[in-house]
Structures are given as C-alpha cells and as structure tokens.
$ cat data_18.pdb   # PDB, C-alpha atoms, pLDDT in the B column
ATOM      1  CA  MET L   6     127.542 128.565  88.192  1.00 40.00           C
ATOM      2  CA  ILE L   7     125.826 129.764  91.353  1.00 44.00           C
ATOM      3  CA  PRO L   8     122.483 131.403  90.504  1.00 41.00           C
ATOM      4  CA  SER L   9     122.667 135.177  90.717  1.00 41.00           C
ATOM      5  CA  ILE L  10     119.549 135.235  92.861  1.00 37.00           C
ATOM      6  CA  PHE L  11     121.636 133.805  95.726  1.00 43.00           C
ATOM      7  CA  LEU L  12     124.681 135.939  95.068  1.00 47.00           C
ATOM      8  CA  SER L  13     122.606 139.115  95.312  1.00 45.00           C
ATOM      9  CA  LYS L  14     121.744 138.389  98.941  1.00 58.00           C
ATOM     10  CA  THR L  15     124.359 138.940 101.618  1.00 63.00           C
ATOM     11  CA  ALA L  16     124.338 138.615 105.380  1.00 60.00           C
ATOM     12  CA  SER L  17     124.987 141.653 107.528  1.00 69.00           C
ATOM     13  CA  HIS L  18     127.759 139.804 109.346  1.00 83.00           C
ATOM     14  CA  PRO L  19     130.129 137.066 108.185  1.00 87.00           C
ATOM     15  CA  ILE L  20     128.840 133.552 108.754  1.00 90.00           C
ATOM     16  CA  ARG L  21     131.602 131.375 110.179  1.00 93.00           C
ATOM     17  CA  HIS L  22     132.115 127.664 109.527  1.00 93.00           C
ATOM     18  CA  ARG L  23     134.797 125.607 111.265  1.00 95.00           C
ATOM     19  CA  HIS L  24     135.851 121.977 111.284  1.00 95.00           C
ATOM     20  CA  VAL L  25     138.742 120.142 112.933  1.00 97.00           C
ATOM     21  CA  VAL L  26     140.175 116.791 111.810  1.00 97.00           C
ATOM     22  CA  LYS L  27     142.292 114.815 114.289  1.00 97.00           C
ATOM     23  CA  LYS L  28     144.283 111.782 113.299  1.00 96.00           C
ATOM     24  CA  ILE L  29     147.446 109.815 113.976  1.00 95.00           C
ATOM     25  CA  LEU L  30     149.588 109.339 110.869  1.00 94.00           C
ATOM     26  CA  ASP L  31     152.397 106.890 110.310  1.00 90.00           C
ATOM     27  CA  THR L  32     154.977 109.491 109.309  1.00 93.00           C
ATOM     28  CA  SER L  33     157.307 111.900 111.071  1.00 93.00           C
ATOM     29  CA  PRO L  34     156.141 115.457 111.874  1.00 95.00           C
ATOM     30  CA  GLN L  35     159.037 116.881 109.858  1.00 94.00           C
ATOM     31  CA  HIS L  36     158.045 114.920 106.763  1.00 96.00           C
ATOM     32  CA  LEU L  37     154.401 116.024 106.887  1.00 97.00           C
ATOM     33  CA  TYR L  38     155.492 119.581 107.710  1.00 97.00           C
ATOM     34  CA  ASN L  39     157.697 119.683 104.605  1.00 97.00           C
ATOM     35  CA  ILE L  40     154.800 118.505 102.440  1.00 97.00           C
ATOM     36  CA  VAL L  41     152.329 121.015 103.922  1.00 98.00           C
ATOM     37  CA  ILE L  42     154.601 123.984 103.214  1.00 97.00           C
ATOM     38  CA  ASP L  43     155.366 122.770  99.675  1.00 97.00           C
ATOM     39  CA  VAL L  44     152.457 124.777  98.278  1.00 98.00           C
ATOM     40  CA  ASP L  45     153.866 124.714  94.737  1.00 97.00           C
ATOM     41  CA  SER L  46     153.066 120.980  94.632  1.00 97.00           C
ATOM     42  CA  TYR L  47     149.459 121.242  95.863  1.00 98.00           C
ATOM     43  CA  ARG L  48     148.121 121.246  92.310  1.00 96.00           C
ATOM     44  CA  ASP L  49     149.635 117.789  91.805  1.00 97.00           C
ATOM     45  CA  PHE L  50     147.741 115.989  94.570  1.00 97.00           C
ATOM     46  CA  LEU L  51     145.231 118.148  96.458  1.00 96.00           C
ATOM     47  CA  PRO L  52     141.515 117.751  95.631  1.00 91.00           C
ATOM     48  CA  PHE L  53     139.865 120.799  94.029  1.00 90.00           C
ATOM     49  CA  CYS L  54     143.203 122.601  93.620  1.00 94.00           C
ATOM     50  CA  LYS L  55     143.606 123.816  90.029  1.00 93.00           C
ATOM     51  CA  SER L  56     146.778 125.837  90.518  1.00 96.00           C
ATOM     52  CA  SER L  57     149.143 126.751  93.334  1.00 97.00           C
ATOM     53  CA  ARG L  58     152.313 128.786  93.596  1.00 97.00           C
ATOM     54  CA  ILE L  59     154.359 130.613  96.182  1.00 98.00           C
ATOM     55  CA  LEU L  60     154.512 134.306  95.304  1.00 98.00           C
ATOM     56  CA  ARG L  61     157.056 135.674  97.758  1.00 97.00           C
ATOM     57  CA  ARG L  62     158.916 134.680 100.907  1.00 97.00           C
ATOM     58  CA  SER L  63     159.786 136.730 103.972  1.00 96.00           C
ATOM     59  CA  ASN L  64     163.367 137.462 104.908  1.00 95.00           C
ATOM     60  CA  CYS L  65     162.894 135.660 108.226  1.00 93.00           C
ATOM     61  CA  GLY L  66     162.122 132.435 106.373  1.00 92.00           C
ATOM     62  CA  GLU L  67     158.984 131.710 108.398  1.00 96.00           C
ATOM     63  CA  MET L  68     156.337 133.309 106.177  1.00 98.00           C
ATOM     64  CA  PHE L  69     155.301 133.385 102.538  1.00 98.00           C
ATOM     65  CA  ASP L  70     152.371 134.452 100.364  1.00 98.00           C
ATOM     66  CA  ALA L  71     150.798 131.884  98.062  1.00 98.00           C
ATOM     67  CA  SER L  72     148.183 131.950  95.321  1.00 97.00           C
ATOM     68  CA  LEU L  73     145.721 129.070  95.054  1.00 96.00           C
ATOM     69  CA  LYS L  74     142.919 128.451  92.598  1.00 95.00           C
ATOM     70  CA  ILE L  75     140.205 126.013  93.604  1.00 91.00           C
ATOM     71  CA  GLY L  76     137.474 124.554  91.451  1.00 84.00           C
ATOM     72  CA  VAL L  77     134.528 122.446  92.550  1.00 75.00           C
ATOM     73  CA  SER L  78     132.669 120.490  89.880  1.00 66.00           C
ATOM     74  CA  ASP L  79     131.295 117.412  91.616  1.00 65.00           C
ATOM     75  CA  ILE L  80     130.074 118.488  95.066  1.00 61.00           C
ATOM     76  CA  PRO L  81     126.456 119.686  94.965  1.00 60.00           C
ATOM     77  CA  PRO L  82     125.377 122.386  95.561  1.00 57.00           C
ATOM     78  CA  LEU L  83     128.759 123.989  94.782  1.00 61.00           C
ATOM     79  CA  ASN L  84     129.029 122.682  91.222  1.00 62.00           C
ATOM     80  CA  ALA L  85     131.005 124.892  88.836  1.00 64.00           C
ATOM     81  CA  LEU L  86     132.405 127.035  91.655  1.00 76.00           C
ATOM     82  CA  GLU L  87     135.857 128.559  91.073  1.00 84.00           C
ATOM     83  CA  GLU L  88     137.880 130.937  93.181  1.00 88.00           C
ATOM     84  CA  GLU L  89     141.455 132.192  93.178  1.00 93.00           C
ATOM     85  CA  TYR L  90     142.757 133.680  96.389  1.00 95.00           C
ATOM     86  CA  ILE L  91     145.990 134.656  98.112  1.00 97.00           C
ATOM     87  CA  SER L  92     146.955 133.378 101.536  1.00 97.00           C
ATOM     88  CA  ARG L  93     149.669 134.427 103.943  1.00 97.00           C
ATOM     89  CA  VAL L  94     151.333 131.372 105.440  1.00 98.00           C
ATOM     90  CA  ARG L  95     153.295 131.244 108.692  1.00 98.00           C
ATOM     91  CA  HIS L  96     155.258 128.091 109.466  1.00 98.00           C
ATOM     92  CA  VAL L  97     157.312 127.485 112.581  1.00 96.00           C
ATOM     93  CA  GLN L  98     158.877 124.742 114.626  1.00 93.00           C
ATOM     94  CA  LEU L  99     158.694 125.443 118.336  1.00 90.00           C
ATOM     95  CA  VAL L 100     158.523 123.965 121.804  1.00 85.00           C
ATOM     96  CA  SER L 101     155.080 123.734 123.399  1.00 78.00           C
ATOM     97  CA  PRO L 102     154.791 125.914 126.532  1.00 78.00           C
ATOM     98  CA  LEU L 103     152.393 123.309 127.964  1.00 77.00           C
ATOM     99  CA  ASP L 104     154.462 120.129 127.922  1.00 75.00           C
ATOM    100  CA  GLY L 105     157.839 121.092 126.442  1.00 77.00           C
ATOM    101  CA  ARG L 106     157.393 118.960 123.327  1.00 82.00           C
ATOM    102  CA  ASN L 107     158.432 119.893 119.823  1.00 88.00           C
ATOM    103  CA  GLU L 108     155.594 121.101 117.608  1.00 94.00           C
ATOM    104  CA  TRP L 109     155.369 121.959 113.933  1.00 97.00           C
ATOM    105  CA  ILE L 110     152.785 124.649 113.128  1.00 97.00           C
ATOM    106  CA  VAL L 111     151.553 125.846 109.724  1.00 98.00           C
ATOM    107  CA  GLU L 112     148.949 128.631 109.697  1.00 98.00           C
ATOM    108  CA  ALA L 113     147.392 130.108 106.563  1.00 98.00           C
ATOM    109  CA  LYS L 114     145.027 133.080 106.320  1.00 97.00           C
ATOM    110  CA  SER L 115     143.517 134.533 103.173  1.00 95.00           C
ATOM    111  CA  ILE L 116     144.472 138.139 102.467  1.00 94.00           C
ATOM    112  CA  LYS L 117     142.737 138.522  99.106  1.00 91.00           C
ATOM    113  CA  SER L 118     139.564 136.714  98.016  1.00 90.00           C
ATOM    114  CA  ASN L 119     136.408 137.641  96.127  1.00 87.00           C
ATOM    115  CA  LEU L 120     134.290 134.745  97.374  1.00 84.00           C
ATOM    116  CA  PHE L 121     135.365 134.258 100.978  1.00 87.00           C
ATOM    117  CA  HIS L 122     135.208 136.892 103.694  1.00 90.00           C
ATOM    118  CA  GLY L 123     137.900 134.867 105.402  1.00 93.00           C
ATOM    119  CA  LEU L 124     139.577 131.499 104.911  1.00 94.00           C
ATOM    120  CA  SER L 125     142.120 130.078 107.306  1.00 96.00           C
ATOM    121  CA  SER L 126     143.679 126.770 108.183  1.00 97.00           C
ATOM    122  CA  CYS L 127     146.063 125.500 110.817  1.00 98.00           C
ATOM    123  CA  TRP L 128     148.152 122.349 110.978  1.00 98.00           C
ATOM    124  CA  LYS L 129     149.495 121.324 114.381  1.00 97.00           C
ATOM    125  CA  LEU L 130     151.888 118.375 114.327  1.00 97.00           C
ATOM    126  CA  THR L 131     153.328 116.606 117.352  1.00 94.00           C
ATOM    127  CA  GLN L 132     155.578 113.560 117.439  1.00 89.00           C
ATOM    128  CA  ILE L 133     154.149 110.742 119.536  1.00 85.00           C
ATOM    129  CA  ASN L 134     156.292 109.195 122.248  1.00 69.00           C
ATOM    130  CA  THR L 135     155.819 105.927 124.126  1.00 51.00           C
ATOM    131  CA  GLU L 136     153.973 107.674 126.964  1.00 57.00           C
ATOM    132  CA  ASP L 137     151.306 108.786 124.471  1.00 60.00           C
ATOM    133  CA  ILE L 138     149.809 105.336 124.008  1.00 50.00           C
ATOM    134  CA  GLU L 139     146.474 106.381 125.514  1.00 54.00           C
ATOM    135  CA  MET L 140     146.169 108.990 122.734  1.00 53.00           C
ATOM    136  CA  LYS L 141     145.063 106.261 120.326  1.00 52.00           C
ATOM    137  CA  HIS L 142     141.658 106.228 122.012  1.00 50.00           C
ATOM    138  CA  SER L 143     140.828 109.811 120.988  1.00 55.00           C
ATOM    139  CA  TYR L 144     142.716 110.140 117.677  1.00 60.00           C
ATOM    140  CA  PRO L 145     141.774 107.861 114.743  1.00 62.00           C
ATOM    141  CA  LEU L 146     144.723 105.781 113.570  1.00 60.00           C
ATOM    142  CA  SER L 147     145.986 106.007 110.015  1.00 61.00           C
ATOM    143  CA  HIS L 148     145.757 102.229 109.644  1.00 53.00           C
ATOM    144  CA  PRO L 149     146.051  99.171 111.919  1.00 46.00           C
ATOM    145  CA  LYS L 150     149.835  98.983 111.857  1.00 47.00           C
ATOM    146  CA  ASP L 151     149.948 102.352 113.661  1.00 45.00           C
ATOM    147  CA  ASP L 152     148.643 100.609 116.778  1.00 47.00           C
ATOM    148  CA  PRO L 153     151.242 100.473 119.572  1.00 45.00           C
ATOM    149  CA  LYS L 154     153.060  97.179 119.936  1.00 44.00           C
ATOM    150  CA  ARG L 155     152.296  94.819 122.792  1.00 42.00           C
ATOM    151  CA  ASP L 156     155.537  95.768 124.519  1.00 44.00           C
ATOM    152  CA  GLY L 157     154.299  99.372 124.783  1.00 44.00           C
ATOM    153  CA  THR L 158     156.485 100.916 122.095  1.00 45.00           C
ATOM    154  CA  VAL L 159     155.348 103.222 119.300  1.00 45.00           C
ATOM    155  CA  ASN L 160     156.898 103.914 115.922  1.00 51.00           C
ATOM    156  CA  ILE L 161     159.126 106.970 116.491  1.00 57.00           C
ATOM    157  CA  TYR L 162     157.897 108.390 113.207  1.00 70.00           C
ATOM    158  CA  THR L 163     154.223 108.500 114.248  1.00 90.00           C
ATOM    159  CA  THR L 164     152.572 111.925 114.355  1.00 94.00           C
ATOM    160  CA  LYS L 165     149.537 113.356 116.090  1.00 94.00           C
ATOM    161  CA  VAL L 166     147.846 115.695 113.628  1.00 97.00           C
ATOM    162  CA  GLU L 167     145.262 118.408 114.196  1.00 97.00           C
ATOM    163  CA  PHE L 168     144.015 120.092 111.039  1.00 98.00           C
ATOM    164  CA  GLU L 169     141.606 122.987 111.466  1.00 97.00           C
ATOM    165  CA  VAL L 170     139.868 124.844 108.659  1.00 96.00           C
ATOM    166  CA  GLU L 171     137.671 127.908 109.099  1.00 95.00           C
ATOM    167  CA  ILE L 172     135.705 129.726 106.404  1.00 93.00           C
ATOM    168  CA  SER L 173     133.543 132.812 106.772  1.00 93.00           C
ATOM    169  CA  VAL L 174     131.223 134.070 104.039  1.00 89.00           C
ATOM    170  CA  LEU L 175     128.576 136.729 103.532  1.00 88.00           C
ATOM    171  CA  ASP L 176     126.512 134.812 100.994  1.00 84.00           C
ATOM    172  CA  PRO L 177     123.742 132.739 102.686  1.00 87.00           C
ATOM    173  CA  PHE L 178     123.683 130.241  99.817  1.00 82.00           C
ATOM    174  CA  ILE L 179     127.400 129.560 100.103  1.00 81.00           C
ATOM    175  CA  SER L 180     126.976 129.313 103.882  1.00 86.00           C
ATOM    176  CA  THR L 181     124.248 126.689 103.534  1.00 85.00           C
ATOM    177  CA  ALA L 182     126.396 124.734 101.107  1.00 81.00           C
ATOM    178  CA  LEU L 183     129.373 124.805 103.483  1.00 84.00           C
ATOM    179  CA  ASP L 184     127.188 123.312 106.214  1.00 84.00           C
ATOM    180  CA  GLN L 185     126.719 120.305 103.955  1.00 84.00           C
ATOM    181  CA  VAL L 186     130.215 119.805 102.556  1.00 84.00           C
ATOM    182  CA  LEU L 187     132.900 121.316 104.820  1.00 88.00           C
ATOM    183  CA  GLU L 188     133.448 118.222 106.963  1.00 92.00           C
ATOM    184  CA  GLY L 189     133.800 115.977 103.916  1.00 91.00           C
ATOM    185  CA  VAL L 190     136.163 118.389 102.186  1.00 90.00           C
ATOM    186  CA  ALA L 191     138.369 118.647 105.290  1.00 94.00           C
ATOM    187  CA  LEU L 192     138.577 114.855 105.498  1.00 96.00           C
ATOM    188  CA  GLN L 193     139.527 114.646 101.821  1.00 94.00           C
ATOM    189  CA  GLN L 194     142.298 117.165 102.415  1.00 96.00           C
ATOM    190  CA  MET L 195     143.684 115.108 105.288  1.00 97.00           C
ATOM    191  CA  GLU L 196     143.568 111.923 103.203  1.00 97.00           C
ATOM    192  CA  ALA L 197     145.354 113.631 100.311  1.00 97.00           C
ATOM    193  CA  PHE L 198     148.232 114.732 102.535  1.00 97.00           C
ATOM    194  CA  GLU L 199     148.416 111.274 104.096  1.00 96.00           C
ATOM    195  CA  LYS L 200     148.736 109.682 100.650  1.00 96.00           C
ATOM    196  CA  ARG L 201     151.337 112.275  99.678  1.00 97.00           C
ATOM    197  CA  CYS L 202     153.431 111.344 102.713  1.00 96.00           C
ATOM    198  CA  LYS L 203     153.500 107.740 101.500  1.00 94.00           C
ATOM    199  CA  LEU L 204     154.334 108.722  97.920  1.00 95.00           C
ATOM    200  CA  VAL L 205     157.149 111.203  98.628  1.00 94.00           C
ATOM    201  CA  PRO L 206     160.314 109.598 100.061  1.00 87.00           C
ATOM    202  CA  GLU L 207     161.172 110.526 103.616  1.00 82.00           C
ATOM    203  CA  TYR L 208     164.823 110.968 104.440  1.00 70.00           C
ATOM    204  CA  HIS L 209     165.957 110.373 108.020  1.00 57.00           C
ATOM    205  CA  THR L 210     169.154 111.874 109.278  1.00 48.00           C
TER     206      THR L 210
END
$ encode --input "data_18.pdb" --output "structure tokens"
Amino acid sequence: MIPSIFLSKTASHPIRHRHVVKKILDTSPQHLYNIVIDVDSYRDFLPFCKSSRILRRSNCGEMFDASLKIGVSDIPPLNALEEEYISRVRHVQLVSPLDGRNEWIVEAKSIKSNLFHGLSSCWKLTQINTEDIEMKHSYPLSHPKDDPKRDGTVNIYTTKVEFEVEISVLDPFISTALDQVLEGVALQQMEAFEKRCKLVPEYHT
C-alpha cells in the first residue's frame, strides 16, 4: 500500500496530468466505438481493470454511468494501489463542424472517486479517406499493412484515433508517480483496445 506519510500530505490545488495517444488502426470507427462503450466487458481485456459494469443509462441513449475498479500491482511506485470509482460517459456520433466528416466521440468523467480529484478520458474516432494519405506521417500506423497502397487507396475500414486521458490529484506522491507511468499506461490501454478489435468479430452492413 502507499505509505501513510505520503497520503497525509496534500497539495492546495489539484495537480493535473494529461497524455494523448494518436494512432491509425486497421478497423472501422464504428467497430472501435462499439468496443469502447462496452464497459461491461472491460474487465475481460483491459489492463489493471478488476471489475466494470454499467450502472444506469439515460433516456436519450447517449449517456450512462459506469463503475470501474482498478488495481495496480506491478507498476512501481504504485504497487498495491486499488481504487473504485464511478464515471459518467457520453457517447455520440456526429458531423465535424470543421470538415464535415463523421466522428465518433466517447467522453468519460469521474463523478465519484476517493483517490482522484478528477479522472477523464476522451476517444475521438475518424474514418480515413483516400485524401488522408498524408496523415500517416503524423499518426503511427497499427502495423505495416495499414500503409496506403501504391495506387493511392486506403482500406475503408481504417480509423484515425485520438485517445486523451487526464488525471488530477491532490496527493504529491501520487502526482510524482503519475509523471513516471501515465504515458505507458495510456499506451497499454490503446494496445488493449486494438487487440480487442481484432478478437471481436466486426460485422459490415
């Protein structure tokens, strides 16, 4: 467990940590979107997730509250850390006001947590079209076969992904630990969802 000497000290203002992962995945935005909002299944594939369940859904069908329990046992200096928190999730499919393209957005914000002052994440998914070939220079590819063909075409089921995670805490020890591990944890999350996309069948209509 975290030594009580660190837990007894708190900052006067929340200390914010943020990291963004950008990648191109060889799957459709709708498929990844469906997996991201399937919170009940997180416990089956997501690193550090001990339990996950959707508690309630809104009548509009675009929001739900979910409970997640995370446990860290092998990432120093956060060994033996456990936390259960509730997040409010908003998920929408819309048209970008910037370029008129379809986007899939999933935003989650903690509404009840003992450890975190705030924890939020945002997935932004955009389907790649043939005119987006130059995007490969700024977004890491999932694997070599994602590279556009010589004739200039791109797999219609390729997705540009932006995954942002932000955590704010009052405990200086936890803050120092997040400086060391947040980037690696965010990358592991992305990889877990990428593997899930390959494991779960995708149905095209």
$ atom_distance --input "data_18.pdb" --atom1 "atom CA of Asn39 of chain L" --atom2 "atom CA of Ile91 of chain L"
20.1 Å
$ closest_residue --input "data_18.pdb" --among "L:Tyr162, L:Val94, L:Glu167, L:Pro52" --to "Glu207 of chain L" --atoms "only C-alpha atoms"
L:Tyr162
$ resolve_selection --input "data_18.pdb" --expression "the PyMOL selection byres ((chain L and resi 192) around 12)" --output "PDB file with C-alpha atoms, in the frame of the given file"
ATOM      1  CA  HIS L  24     135.851 121.977 111.284  1.00 95.00           C
ATOM      2  CA  VAL L  25     138.742 120.142 112.933  1.00 97.00           C
ATOM      3  CA  VAL L  26     140.175 116.791 111.810  1.00 97.00           C
ATOM      4  CA  LYS L  27     142.292 114.815 114.289  1.00 97.00           C
ATOM      5  CA  LYS L  28     144.283 111.782 113.299  1.00 96.00           C
ATOM      6  CA  LEU L  51     145.231 118.148  96.458  1.00 96.00           C
ATOM      7  CA  PRO L  52     141.515 117.751  95.631  1.00 91.00           C
ATOM      8  CA  GLU L 167     145.262 118.408 114.196  1.00 97.00           C
ATOM      9  CA  PHE L 168     144.015 120.092 111.039  1.00 98.00           C
ATOM     10  CA  GLU L 169     141.606 122.987 111.466  1.00 97.00           C
ATOM     11  CA  VAL L 170     139.868 124.844 108.659  1.00 96.00           C
ATOM     12  CA  VAL L 186     130.215 119.805 102.556  1.00 84.00           C
ATOM     13  CA  LEU L 187     132.900 121.316 104.820  1.00 88.00           C
ATOM     14  CA  GLU L 188     133.448 118.222 106.963  1.00 92.00           C
ATOM     15  CA  GLY L 189     133.800 115.977 103.916  1.00 91.00           C
ATOM     16  CA  VAL L 190     136.163 118.389 102.186  1.00 90.00           C
ATOM     17  CA  ALA L 191     138.369 118.647 105.290  1.00 94.00           C
ATOM     18  CA  GLN L 193     139.527 114.646 101.821  1.00 94.00           C
ATOM     19  CA  GLN L 194     142.298 117.165 102.415  1.00 96.00           C
ATOM     20  CA  MET L 195     143.684 115.108 105.288  1.00 97.00           C
ATOM     21  CA  GLU L 196     143.568 111.923 103.203  1.00 97.00           C
ATOM     22  CA  ALA L 197     145.354 113.631 100.311  1.00 97.00           C
ATOM     23  CA  PHE L 198     148.232 114.732 102.535  1.00 97.00           C
ATOM     24  CA  GLU L 199     148.416 111.274 104.096  1.00 96.00           C
TER      25      GLU L 199
END
$ atom_distance --input "data_18.pdb" --atom1 "atom CA of Pro206 of chain L" --atom2 "atom CA of Arg93 of chain L"
27.3 Å
$ closest_residue --input "data_18.pdb" --among "L:Lys165, L:Arg95, L:Gln185, L:Gly123" --to "Met68 of chain L" --atoms "all atoms listed in the file"
L:Arg95
$ atom_distance --input "data_18.pdb" --atom1 "atom CA of Tyr38 of chain L" --atom2 "atom CA of Arg62 of chain L"
16.9 Å
$ axis_aligned_box --input "data_18.pdb" --around "segment 196-210 of chain L" --padding-each-side "5 Å" --output "lines of an AutoDock Vina configuration file"
center_x = 156.4
center_y = 111.2
center_z = 103.6
size_x = 35.6
size_y = 17.0
size_z = 21.4
$ residues_around --input "data_18.pdb" --residues "Thr163 of chain L" --least-positions-apart "4" --cutoff "6 Å" --atoms "all atoms listed in the file" --output "PyMOL selection string"
chain L and resi 30-33+133
$ resolve_selection --input "data_18.pdb" --expression "the PyMOL selection byres ((chain L and resi 59) around 9)" --output "number ranges by chain"
L: 43-45, 57-58, 60-62, 69-73
$ closest_residue --input "data_18.pdb" --among "L:Ala182, L:Leu175, L:Leu86, L:Leu130" --to "Ile29 of chain L" --atoms "only C-alpha atoms"
L:Leu130
$ residues_around --input "data_18.pdb" --residues "segment 100-114 of chain L" --least-positions-apart "3" --cutoff "6 Å" --atoms "all atoms listed in the file" --output "MDAnalysis selection string"
chainID L and resid 92:97 124:131
$ closest_residue --input "data_18.pdb" --among "L:Lys200, L:Gly76, L:His122, L:Val205" --to "Ile172 of chain L" --atoms "all atoms listed in the file"
L:His122
$ residues_around --input "data_18.pdb" --residues "Lys74 of chain L" --least-positions-apart "5" --cutoff "7 Å" --atoms "all atoms listed in the file" --output "list in words"
Cys54, Lys55, Ser56, Ser57, Glu88, Glu89 and Tyr90 of chain L
$ closest_residue --input "data_18.pdb" --among "L:Gln98, L:Val77, L:Ile179, L:Lys117" --to "Gln35 of chain L" --atoms "only C-alpha atoms"
L:Gln98
$ build_atoms --input "data_18.pdb" --residues "segment 178-193 of chain L" --atoms "N, CA, C and O atoms" --output "mmCIF file, keeping the file's coordinate frame"
data_model
loop_
_atom_site.group_PDB
_atom_site.id
_atom_site.type_symbol
_atom_site.label_atom_id
_atom_site.label_comp_id
_atom_site.auth_asym_id
_atom_site.auth_seq_id
_atom_site.Cartn_x
_atom_site.Cartn_y
_atom_site.Cartn_z
ATOM 1 N N PHE L 178 123.695 131.474 100.602
ATOM 2 C CA PHE L 178 123.683 130.241 99.817
ATOM 3 C C PHE L 178 124.980 129.476 99.990
ATOM 4 O O PHE L 178 124.984 128.254 100.197
ATOM 5 N N ILE L 179 126.102 130.192 99.906
ATOM 6 C CA ILE L 179 127.400 129.560 100.103
ATOM 7 C C ILE L 179 127.488 129.013 101.525
ATOM 8 O O ILE L 179 128.007 127.918 101.762
ATOM 9 N N SER L 180 126.953 129.757 102.492
ATOM 10 C CA SER L 180 126.976 129.313 103.882
ATOM 11 C C SER L 180 126.211 128.001 104.051
ATOM 12 O O SER L 180 126.675 127.067 104.717
ATOM 13 N N THR L 181 125.036 127.913 103.453
ATOM 14 C CA THR L 181 124.248 126.689 103.534
ATOM 15 C C THR L 181 124.988 125.519 102.897
ATOM 16 O O THR L 181 124.985 124.396 103.418
ATOM 17 N N ALA L 182 125.637 125.780 101.780
ATOM 18 C CA ALA L 182 126.396 124.734 101.107
ATOM 19 C C ALA L 182 127.564 124.250 101.968
ATOM 20 O O ALA L 182 127.844 123.050 102.044
ATOM 21 N N LEU L 183 128.245 125.181 102.635
ATOM 22 C CA LEU L 183 129.373 124.805 103.483
ATOM 23 C C LEU L 183 128.930 123.923 104.640
ATOM 24 O O LEU L 183 129.666 123.028 105.068
ATOM 25 N N ASP L 184 127.718 124.170 105.156
ATOM 26 C CA ASP L 184 127.188 123.312 106.214
ATOM 27 C C ASP L 184 127.137 121.859 105.766
ATOM 28 O O ASP L 184 127.322 120.938 106.558
ATOM 29 N N GLN L 185 126.893 121.657 104.492
ATOM 30 C CA GLN L 185 126.719 120.305 103.955
ATOM 31 C C GLN L 185 128.037 119.631 103.576
ATOM 32 O O GLN L 185 128.135 118.405 103.650
ATOM 33 N N VAL L 186 129.034 120.420 103.172
ATOM 34 C CA VAL L 186 130.215 119.805 102.556
ATOM 35 C C VAL L 186 131.529 120.026 103.294
ATOM 36 O O VAL L 186 132.513 119.326 103.004
ATOM 37 N N LEU L 187 131.608 120.953 104.244
ATOM 38 C CA LEU L 187 132.900 121.316 104.820
ATOM 39 C C LEU L 187 133.582 120.132 105.509
ATOM 40 O O LEU L 187 134.788 119.910 105.338
ATOM 41 N N GLU L 188 132.843 119.360 106.274
ATOM 42 C CA GLU L 188 133.448 118.222 106.963
ATOM 43 C C GLU L 188 134.050 117.233 105.967
ATOM 44 O O GLU L 188 135.182 116.766 106.135
ATOM 45 N N GLY L 189 133.303 116.914 104.916
ATOM 46 C CA GLY L 189 133.800 115.977 103.916
ATOM 47 C C GLY L 189 135.021 116.499 103.188
ATOM 48 O O GLY L 189 135.970 115.744 102.920
ATOM 49 N N VAL L 190 135.020 117.783 102.872
ATOM 50 C CA VAL L 190 136.163 118.389 102.186
ATOM 51 C C VAL L 190 137.404 118.350 103.080
ATOM 52 O O VAL L 190 138.513 118.025 102.622
ATOM 53 N N ALA L 191 137.231 118.668 104.361
ATOM 54 C CA ALA L 191 138.369 118.647 105.290
ATOM 55 C C ALA L 191 138.954 117.240 105.402
ATOM 56 O O ALA L 191 140.182 117.065 105.441
ATOM 57 N N LEU L 192 138.101 116.237 105.427
ATOM 58 C CA LEU L 192 138.577 114.855 105.498
ATOM 59 C C LEU L 192 139.329 114.461 104.224
ATOM 60 O O LEU L 192 140.350 113.763 104.277
ATOM 61 N N GLN L 193 138.835 114.931 103.075
ATOM 62 C CA GLN L 193 139.527 114.646 101.821
ATOM 63 C C GLN L 193 140.906 115.289 101.790
ATOM 64 O O GLN L 193 141.865 114.717 101.254
#
